[in-house]
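*Asks:* Below is the file start-v6.pdb, which contains PDB, C-alpha atoms, pLDDT in the B column.
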MODEL        1
ATOM      1  CA  MET A   1      96.286  96.282  88.820  1.00 92.00           C
ATOM      2  CA  GLU A   2      97.153  94.358  85.633  1.00 94.00           C
ATOM      3  CA  GLU A   3      99.626  92.196  87.570  1.00 94.00           C
ATOM      4  CA  LYS A   4      97.075  91.621  90.333  1.00 96.00           C
ATOM      5  CA  ILE A   5      94.467  90.493  87.781  1.00 97.00           C
ATOM      6  CA  LEU A   6      96.995  88.198  86.091  1.00 97.00           C
ATOM      7  CA  ASN A   7      98.151  86.579  89.349  1.00 95.00           C
ATOM      8  CA  THR A   8      94.589  86.050  90.617  1.00 96.00           C
ATOM      9  CA  ALA A   9      93.339  84.714  87.281  1.00 96.00           C
ATOM     10  CA  THR A  10      96.275  82.285  86.989  1.00 93.00           C
ATOM     11  CA  GLU A  11      95.675  81.033  90.528  1.00 92.00           C
ATOM     12  CA  MET A  12      91.943  80.555  89.877  1.00 93.00           C
ATOM     13  CA  PHE A  13      92.441  78.886  86.480  1.00 92.00           C
ATOM     14  CA  LEU A  14      94.788  76.366  88.089  1.00 88.00           C
ATOM     15  CA  SER A  15      92.461  75.742  91.018  1.00 87.00           C
ATOM     16  CA  PHE A  16      89.161  75.477  89.126  1.00 88.00           C
ATOM     17  CA  GLY A  17      90.045  75.105  85.428  1.00 86.00           C
ATOM     18  CA  PHE A  18      90.301  77.490  82.464  1.00 91.00           C
ATOM     19  CA  LYS A  19      86.758  76.818  81.235  1.00 90.00           C
ATOM     20  CA  SER A  20      85.089  76.870  84.667  1.00 89.00           C
ATOM     21  CA  VAL A  21      86.357  80.284  85.810  1.00 94.00           C
ATOM     22  CA  THR A  22      84.486  83.281  84.369  1.00 95.00           C
ATOM     23  CA  MET A  23      85.496  86.949  84.190  1.00 97.00           C
ATOM     24  CA  ASP A  24      82.740  87.578  86.778  1.00 97.00           C
ATOM     25  CA  ASP A  25      84.411  85.097  89.161  1.00 97.00           C
ATOM     26  CA  ILE A  26      87.768  86.854  88.804  1.00 97.00           C
ATOM     27  CA  ALA A  27      86.188  90.307  89.298  1.00 97.00           C
ATOM     28  CA  GLU A  28      84.332  89.095  92.391  1.00 97.00           C
ATOM     29  CA  LYS A  29      87.470  87.532  93.867  1.00 97.00           C
ATOM     30  CA  LEU A  30      89.381  90.802  93.370  1.00 97.00           C
ATOM     31  CA  GLY A  31      86.480  92.989  94.512  1.00 97.00           C
ATOM     32  CA  ILE A  32      86.576  95.013  91.286  1.00 97.00           C
ATOM     33  CA  SER A  33      84.219  95.488  88.350  1.00 96.00           C
ATOM     34  CA  LYS A  34      84.430  93.304  85.270  1.00 95.00           C
ATOM     35  CA  LYS A  35      84.974  96.524  83.308  1.00 96.00           C
ATOM     36  CA  THR A  36      88.297  97.003  85.116  1.00 97.00           C
ATOM     37  CA  ILE A  37      89.473  93.568  83.942  1.00 97.00           C
ATOM     38  CA  TYR A  38      88.396  94.318  80.365  1.00 97.00           C
ATOM     39  CA  ALA A  39      90.407  97.557  80.469  1.00 97.00           C
ATOM     40  CA  HIS A  40      93.543  95.388  80.792  1.00 97.00           C
ATOM     41  CA  TYR A  41      92.419  92.210  79.003  1.00 97.00           C
ATOM     42  CA  SER A  42      89.791  92.852  76.326  1.00 96.00           C
ATOM     43  CA  THR A  43      88.748  89.162  76.105  1.00 96.00           C
ATOM     44  CA  LYS A  44      88.928  86.064  78.265  1.00 97.00           C
ATOM     45  CA  ASN A  45      91.095  84.481  75.552  1.00 96.00           C
ATOM     46  CA  LYS A  46      93.713  87.198  76.038  1.00 97.00           C
ATOM     47  CA  LEU A  47      93.652  86.668  79.793  1.00 97.00           C
ATOM     48  CA  VAL A  48      93.978  82.874  79.364  1.00 96.00           C
ATOM     49  CA  GLN A  49      96.940  83.390  76.987  1.00 96.00           C
ATOM     50  CA  ALA A  50      98.611  85.824  79.402  1.00 97.00           C
ATOM     51  CA  SER A  51      98.009  83.463  82.345  1.00 95.00           C
ATOM     52  CA  GLY A  52      99.525  80.517  80.486  1.00 92.00           C
ATOM     53  CA  SER A  53     102.621  82.524  79.528  1.00 93.00           C
ATOM     54  CA  HIS A  54     102.897  83.943  83.059  1.00 93.00           C
ATOM     55  CA  LEU A  55     102.761  80.455  84.577  1.00 89.00           C
ATOM     56  CA  LEU A  56     105.318  79.113  82.100  1.00 90.00           C
ATOM     57  CA  LYS A  57     107.673  82.028  82.873  1.00 92.00           C
ATOM     58  CA  THR A  58     107.333  81.392  86.640  1.00 91.00           C
ATOM     59  CA  ILE A  59     108.016  77.671  86.170  1.00 90.00           C
ATOM     60  CA  SER A  60     110.939  78.343  83.827  1.00 93.00           C
ATOM     61  CA  GLU A  61     112.548  80.710  86.362  1.00 95.00           C
ATOM     62  CA  GLY A  62     112.041  78.147  89.134  1.00 94.00           C
ATOM     63  CA  ILE A  63     113.577  75.367  87.031  1.00 94.00           C
ATOM     64  CA  ASN A  64     116.609  77.573  86.378  1.00 95.00           C
ATOM     65  CA  LYS A  65     117.019  78.074  90.140  1.00 96.00           C
ATOM     66  CA  VAL A  66     116.959  74.292  90.661  1.00 96.00           C
ATOM     67  CA  ARG A  67     119.515  73.851  87.861  1.00 96.00           C
ATOM     68  CA  ALA A  68     121.758  76.535  89.398  1.00 96.00           C
ATOM     69  CA  ARG A  69     122.080  74.351  92.512  1.00 97.00           C
ATOM     70  CA  ASN A  70     124.179  71.945  90.426  1.00 95.00           C
ATOM     71  CA  LEU A  71     122.634  68.834  91.967  1.00 97.00           C
ATOM     72  CA  ASN A  72     123.378  65.247  91.026  1.00 98.00           C
ATOM     73  CA  PRO A  73     121.768  64.953  87.531  1.00 98.00           C
ATOM     74  CA  VAL A  74     119.565  61.996  88.598  1.00 98.00           C
ATOM     75  CA  ILE A  75     118.223  63.822  91.659  1.00 97.00           C
ATOM     76  CA  GLU A  76     117.792  67.094  89.733  1.00 97.00           C
ATOM     77  CA  ASN A  77     114.935  65.453  87.765  1.00 96.00           C
ATOM     78  CA  PHE A  78     112.982  64.855  90.985  1.00 95.00           C
ATOM     79  CA  GLU A  79     113.676  68.340  92.354  1.00 95.00           C
ATOM     80  CA  ILE A  80     112.371  69.924  89.140  1.00 93.00           C
ATOM     81  CA  LYS A  81     109.312  67.655  89.257  1.00 89.00           C
ATOM     82  CA  ARG A  82     108.646  68.701  92.885  1.00 89.00           C
ATOM     83  CA  PHE A  83     108.889  72.396  92.030  1.00 89.00           C
ATOM     84  CA  VAL A  84     106.609  72.082  88.972  1.00 85.00           C
ATOM     85  CA  ASN A  85     103.996  70.044  90.893  1.00 80.00           C
ATOM     86  CA  GLN A  86     103.849  72.702  93.625  1.00 81.00           C
ATOM     87  CA  HIS A  87     103.100  75.372  91.024  1.00 76.00           C
ATOM     88  CA  LEU A  88     100.555  73.314  89.129  1.00 74.00           C
ATOM     89  CA  LYS A  89      98.674  72.415  92.342  1.00 62.00           C
ATOM     90  CA  GLY A  90      98.708  68.737  91.399  1.00 52.00           C
ATOM     91  CA  GLU A  91      96.445  69.541  88.424  1.00 52.00           C
ATOM     92  CA  GLN A  92      93.337  68.145  90.134  1.00 54.00           C
ATOM     93  CA  THR A  93      91.071  70.261  87.916  1.00 53.00           C
ATOM     94  CA  SER A  94      92.853  69.171  84.716  1.00 66.00           C
ATOM     95  CA  PRO A  95      93.706  72.712  83.520  1.00 74.00           C
ATOM     96  CA  HIS A  96      95.901  71.051  80.876  1.00 74.00           C
ATOM     97  CA  PHE A  97      92.894  69.125  79.496  1.00 78.00           C
ATOM     98  CA  GLN A  98      90.575  72.180  79.610  1.00 83.00           C
ATOM     99  CA  LEU A  99      93.145  74.358  77.861  1.00 87.00           C
ATOM    100  CA  LYS A 100      93.603  71.750  75.122  1.00 86.00           C
ATOM    101  CA  LYS A 101      89.852  71.279  74.633  1.00 88.00           C
ATOM    102  CA  TYR A 102      88.531  74.847  74.890  1.00 92.00           C
ATOM    103  CA  TYR A 103      91.556  76.956  73.882  1.00 94.00           C
ATOM    104  CA  PRO A 104      93.396  74.769  71.321  1.00 93.00           C
ATOM    105  CA  LYS A 105      95.346  77.590  69.648  1.00 95.00           C
ATOM    106  CA  ILE A 106      96.626  78.936  72.984  1.00 94.00           C
ATOM    107  CA  PHE A 107      97.405  75.357  74.033  1.00 92.00           C
ATOM    108  CA  GLU A 108      99.503  74.743  70.886  1.00 93.00           C
ATOM    109  CA  ASN A 109     101.513  77.944  71.407  1.00 92.00           C
ATOM    110  CA  LEU A 110     102.170  77.121  75.059  1.00 91.00           C
ATOM    111  CA  ILE A 111     103.222  73.548  74.233  1.00 91.00           C
ATOM    112  CA  GLU A 112     105.796  74.940  71.813  1.00 92.00           C
ATOM    113  CA  GLU A 113     107.108  77.371  74.450  1.00 91.00           C
ATOM    114  CA  GLN A 114     107.113  74.583  77.027  1.00 90.00           C
ATOM    115  CA  PHE A 115     109.130  72.291  74.771  1.00 93.00           C
ATOM    116  CA  ASN A 116     111.757  75.018  74.255  1.00 90.00           C
ATOM    117  CA  VAL A 117     112.144  75.329  78.038  1.00 88.00           C
ATOM    118  CA  LEU A 118     112.298  71.560  78.570  1.00 90.00           C
ATOM    119  CA  GLU A 119     114.634  70.896  75.622  1.00 93.00           C
ATOM    120  CA  ASP A 120     117.361  73.106  77.052  1.00 92.00           C
ATOM    121  CA  CYS A 121     116.865  71.705  80.561  1.00 94.00           C
ATOM    122  CA  VAL A 122     116.877  67.994  79.563  1.00 95.00           C
ATOM    123  CA  GLU A 123     119.808  68.359  77.144  1.00 95.00           C
ATOM    124  CA  ASP A 124     121.892  70.040  79.840  1.00 96.00           C
ATOM    125  CA  ASN A 125     120.888  67.373  82.406  1.00 97.00           C
ATOM    126  CA  ILE A 126     121.817  64.528  80.038  1.00 97.00           C
ATOM    127  CA  GLY A 127     125.134  66.153  79.125  1.00 96.00           C
ATOM    128  CA  ARG A 128     126.140  66.467  82.776  1.00 97.00           C
ATOM    129  CA  GLY A 129     124.845  62.976  83.557  1.00 98.00           C
ATOM    130  CA  ILE A 130     126.991  61.424  80.809  1.00 98.00           C
ATOM    131  CA  GLU A 131     130.037  63.445  81.846  1.00 98.00           C
ATOM    132  CA  LEU A 132     129.697  62.339  85.498  1.00 98.00           C
ATOM    133  CA  GLY A 133     129.023  58.699  84.628  1.00 98.00           C
ATOM    134  CA  TYR A 134     125.384  58.550  85.772  1.00 98.00           C
ATOM    135  CA  TYR A 135     123.950  58.190  82.250  1.00 98.00           C
ATOM    136  CA  ARG A 136     125.025  55.903  79.399  1.00 98.00           C
ATOM    137  CA  LYS A 137     127.539  57.403  76.967  1.00 96.00           C
ATOM    138  CA  LYS A 138     125.662  56.462  73.788  1.00 93.00           C
ATOM    139  CA  ILE A 139     122.390  58.317  74.133  1.00 95.00           C
ATOM    140  CA  ASN A 140     120.487  59.834  71.224  1.00 96.00           C
ATOM    141  CA  VAL A 141     119.923  63.139  73.041  1.00 95.00           C
ATOM    142  CA  PRO A 142     117.344  64.727  70.652  1.00 95.00           C
ATOM    143  CA  PHE A 143     115.294  61.495  70.749  1.00 96.00           C
ATOM    144  CA  VAL A 144     115.434  61.140  74.541  1.00 96.00           C
ATOM    145  CA  THR A 145     114.568  64.828  75.006  1.00 96.00           C
ATOM    146  CA  ARG A 146     111.496  64.495  72.800  1.00 96.00           C
ATOM    147  CA  ILE A 147     110.349  61.167  74.247  1.00 96.00           C
ATOM    148  CA  HIS A 148     110.691  62.703  77.732  1.00 95.00           C
ATOM    149  CA  PHE A 149     108.503  65.646  76.677  1.00 94.00           C
ATOM    150  CA  VAL A 150     105.902  63.440  74.950  1.00 94.00           C
ATOM    151  CA  GLY A 151     105.789  61.199  78.048  1.00 94.00           C
ATOM    152  CA  MET A 152     105.320  64.121  80.450  1.00 90.00           C
ATOM    153  CA  MET A 153     102.509  65.462  78.262  1.00 89.00           C
ATOM    154  CA  GLY A 154     100.984  61.990  77.830  1.00 90.00           C
ATOM    155  CA  ILE A 155     100.581  61.301  81.549  1.00 90.00           C
ATOM    156  CA  LYS A 156      98.417  64.434  81.808  1.00 85.00           C
ATOM    157  CA  ASP A 157      95.769  62.750  79.648  1.00 84.00           C
ATOM    158  CA  LYS A 158      92.966  62.083  82.132  1.00 81.00           C
ATOM    159  CA  GLU A 159      91.159  59.732  79.758  1.00 85.00           C
ATOM    160  CA  MET A 160      94.218  57.502  79.552  1.00 91.00           C
ATOM    161  CA  PHE A 161      95.176  57.978  83.213  1.00 90.00           C
ATOM    162  CA  PRO A 162      91.943  58.667  85.160  1.00 88.00           C
ATOM    163  CA  LEU A 163      92.382  60.363  88.543  1.00 83.00           C
ATOM    164  CA  GLU A 164      90.452  57.565  90.282  1.00 89.00           C
ATOM    165  CA  GLU A 165      93.230  55.145  89.329  1.00 92.00           C
ATOM    166  CA  PHE A 166      96.357  57.300  89.016  1.00 89.00           C
ATOM    167  CA  SER A 167      97.356  60.215  91.215  1.00 84.00           C
ATOM    168  CA  GLU A 168      99.365  63.025  89.600  1.00 79.00           C
ATOM    169  CA  GLN A 169     102.166  62.514  92.120  1.00 80.00           C
ATOM    170  CA  ASP A 170     102.436  58.771  91.407  1.00 87.00           C
ATOM    171  CA  LEU A 171     102.342  59.276  87.647  1.00 90.00           C
ATOM    172  CA  THR A 172     105.217  61.752  87.526  1.00 89.00           C
ATOM    173  CA  GLU A 173     107.214  59.609  89.981  1.00 91.00           C
ATOM    174  CA  GLU A 174     106.616  56.459  87.900  1.00 94.00           C
ATOM    175  CA  PHE A 175     107.410  58.242  84.656  1.00 95.00           C
ATOM    176  CA  LEU A 176     110.710  59.640  85.959  1.00 95.00           C
ATOM    177  CA  ASN A 177     111.672  56.217  87.317  1.00 96.00           C
ATOM    178  CA  TYR A 178     110.867  54.699  83.904  1.00 96.00           C
ATOM    179  CA  HIS A 179     112.728  57.444  81.995  1.00 96.00           C
ATOM    180  CA  LEU A 180     115.843  57.347  84.174  1.00 98.00           C
ATOM    181  CA  ARG A 181     116.185  53.553  84.141  1.00 97.00           C
ATOM    182  CA  ALA A 182     116.323  53.765  80.345  1.00 97.00           C
ATOM    183  CA  ILE A 183     119.318  56.125  80.337  1.00 98.00           C
ATOM    184  CA  CYS A 184     121.188  55.411  83.590  1.00 98.00           C
ATOM    185  CA  THR A 185     124.425  53.467  84.033  1.00 98.00           C
ATOM    186  CA  PRO A 186     124.634  51.042  87.011  1.00 98.00           C
ATOM    187  CA  LYS A 187     126.059  54.002  88.991  1.00 98.00           C
ATOM    188  CA  GLY A 188     123.023  56.108  88.035  1.00 98.00           C
ATOM    189  CA  ILE A 189     120.561  53.331  88.914  1.00 98.00           C
ATOM    190  CA  LYS A 190     122.225  52.932  92.336  1.00 98.00           C
ATOM    191  CA  THR A 191     121.734  56.686  92.949  1.00 98.00           C
ATOM    192  CA  LEU A 192     118.138  56.471  91.717  1.00 98.00           C
ATOM    193  CA  GLU A 193     117.268  53.526  93.975  1.00 97.00           C
ATOM    194  CA  GLU A 194     118.928  55.122  97.017  1.00 97.00           C
ATOM    195  CA  PHE A 195     117.035  58.356  96.383  1.00 95.00           C
ATOM    196  CA  ILE A 196     113.667  56.582  95.987  1.00 93.00           C
ATOM    197  CA  ALA A 197     114.288  54.508  99.127  1.00 95.00           C
ATOM    198  CA  THR A 198     114.938  57.617 101.240  1.00 93.00           C
ATOM    199  CA  SER A 199     112.362  60.020  99.793  1.00 83.00           C
TER     200      SER A 199
ENDMDL
END
Show me the file's structure as structure tokens.

*Replies:*
Amino acid sequence: MEEKILNTATEMFLSFGFKSVTMDDIAEKLGISKKTIYAHYSTKNKLVQASGSHLLKTISEGINKVRARNLNPVIENFEIKRFVNQHLKGEQTSPHFQLKKYYPKIFENLIEEQFNVLEDCVEDNIGRGIELGYYRKKINVPFVTRIHFVGMMGIKDKEMFPLEEFSEQDLTEEFLNYHLRAICTPKGIKTLEEFIATS
């Protein structure tokens, strides 16, 4: 039952937002009493924290599966982006913004966890890219890893990038294009342009 509550809550939080969804909504969706939810999660905060960690774990496992495919390092960026976007449902309800605004402590903890996942992933991608000649040899890897993370977080800011003007899909696509052009060799840029032209 605990797993069922967690999966349903995570799905609803992503679809309608962390603030918008109540414990009553989750209970109604599952056809159980609110008391049953509280037996497993004594507060909404605990359920939000568990949902965030659950989602991050799912995304982390999915990213590792993409990495295990040993794709071209340039293309791997887009495959990871595609997987993450599928799991975040395009973020139409701005769960990222709601989490930051209404659950700041949980948000901070998750950002730290998220960076640890991304750091390993980006460092490995850059290492392989340099080795295979797709990325420039002289790259300050810790800097690029952090600027990549800050950029990915920054494009989620709906005040800076309102949905009426920027779709989530376009933003991540544009950001990756921008990021990769900064680190690619001519060989990498050729791969990037061929991939964009055919996708």

*Asks:* Please report, as JSON lines, each residue of stretch 121-157 of chain A lying at most 8 Å from stretch 74-85 of chain A, together with the nearest pair of atoms and the separation in Å rounded to one decimal; use all atoms listed in the file, and order rows by chain and ascending residue number.

*Replies:*
{"residue": "A:Asn125", "atom": "CA", "partner": "A:Glu76", "partner_atom": "CA", "distance": 8.0}
{"residue": "A:Gly129", "atom": "CA", "partner": "A:Val74", "partner_atom": "CA", "distance": 7.4}
{"residue": "A:Tyr134", "atom": "CA", "partner": "A:Val74", "partner_atom": "CA", "distance": 7.3}

*Asks:* Taking C-alpha atoms for each residue, export the selection above as a compact mmCIF listing (two decimals), in the frame of the given file.

*Replies:*
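Dumped everything to part_8.txt:
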# COMPACT_ATOMS: atom_id res chain seq x y z
CA ASN A 125 120.89 67.37 82.41
CA GLY A 129 124.84 62.98 83.56
CA TYR A 134 125.38 58.55 85.77

*Asks:* Would you list the contacts of A:Lys4 as a list in words, taking every protein, DNA or RNA residue within 10 Å and counting all atoms listed in the file, but skipping same-chain residues closer than 5 positions in sequence?

*Replies:*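 What passes the distance filter is Ala9, Thr10 and Leu30 of chain A.
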
*Asks:* For the provided coordinates, the residues matched by the PyMOL selection byres ((chain A and resi 150-153) around 10) should be stated as a short mmCIF file (atom, residue, chain, number, x, y, z; two decimals) with C-alpha atoms, in the coordinates of the input.

*Replies:*
data_model
loop_
_atom_site.label_atom_id
_atom_site.label_comp_id
_atom_site.auth_asym_id
_atom_site.auth_seq_id
_atom_site.Cartn_x
_atom_site.Cartn_y
_atom_site.Cartn_z
CA HIS A 96 95.90 71.05 80.88
CA ILE A 111 103.22 73.55 74.23
CA PHE A 115 109.13 72.29 74.77
CA VAL A 144 115.43 61.14 74.54
CA THR A 145 114.57 64.83 75.01
CA ARG A 146 111.50 64.50 72.80
CA ILE A 147 110.35 61.17 74.25
CA HIS A 148 110.69 62.70 77.73
CA PHE A 149 108.50 65.65 76.68
CA GLY A 154 100.98 61.99 77.83
CA ILE A 155 100.58 61.30 81.55
CA LYS A 156 98.42 64.43 81.81
CA ASP A 157 95.77 62.75 79.65
CA LEU A 171 102.34 59.28 87.65
CA THR A 172 105.22 61.75 87.53
CA PHE A 175 107.41 58.24 84.66
CA LEU A 176 110.71 59.64 85.96
CA HIS A 179 112.73 57.44 82.00
#

*Asks:* Find the distance between atom CA of A:Phe18 and atom CA of A:Lys101 and write it in Å to one decimal.

*Replies:*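 Taking atom CA of A:Phe18 and atom CA of A:Lys101, their separation equals 10.0 Å.
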
*Asks:* Taking the file as shown, what set of residues would the PyMOL selection byres ((chain A and resi 132) around 12) give back, as a list in words?

*Replies:*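 Going through the file, the PyMOL selection byres ((chain A and resi 132) around 12) ends up selecting Leu71, Asn72, Pro73, Val74, Asn125, Ile126, Gly127, Arg128, Gly129, Ile130, Glu131, Gly133, Tyr134, Tyr135, Arg136, Lys137, Cys184, Thr185, Lys187 and Gly188 of chain A.
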
*Asks:* Place a sphere of radius 8 Å on (93.8, 81.0, 74.5) in the file coordinates and name every protein, DNA or RNA residue with an atom inside or on its surface, counting only C-alpha atoms; give the answer as a PyMOL selection string.

*Replies:* chain A and resi 44-49+99+103-107

*Asks:* Write out the residues from the selection above, keeping C-alpha atoms, as a tab-separated table (two decimals), in the frame of the given file.

*Replies:*
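New file selection20.tsv:
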chain	number	residue	atom	x	y	z
A	44	LYS	CA	88.93	86.06	78.26
A	45	ASN	CA	91.10	84.48	75.55
A	46	LYS	CA	93.71	87.20	76.04
A	47	LEU	CA	93.65	86.67	79.79
A	48	VAL	CA	93.98	82.87	79.36
A	49	GLN	CA	96.94	83.39	76.99
A	99	LEU	CA	93.14	74.36	77.86
A	103	TYR	CA	91.56	76.96	73.88
A	104	PRO	CA	93.40	74.77	71.32
A	105	LYS	CA	95.35	77.59	69.65
A	106	ILE	CA	96.63	78.94	72.98
A	107	PHE	CA	97.40	75.36	74.03

*Asks:* Report, in Å with one decimal, the straight-line distance from atom CA of A:Phe13 to atom CA of A:Leu88.

*Replies:*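 Straight-line distance from atom CA of A:Phe13 to atom CA of A:Leu88 works out to 10.2 Å.
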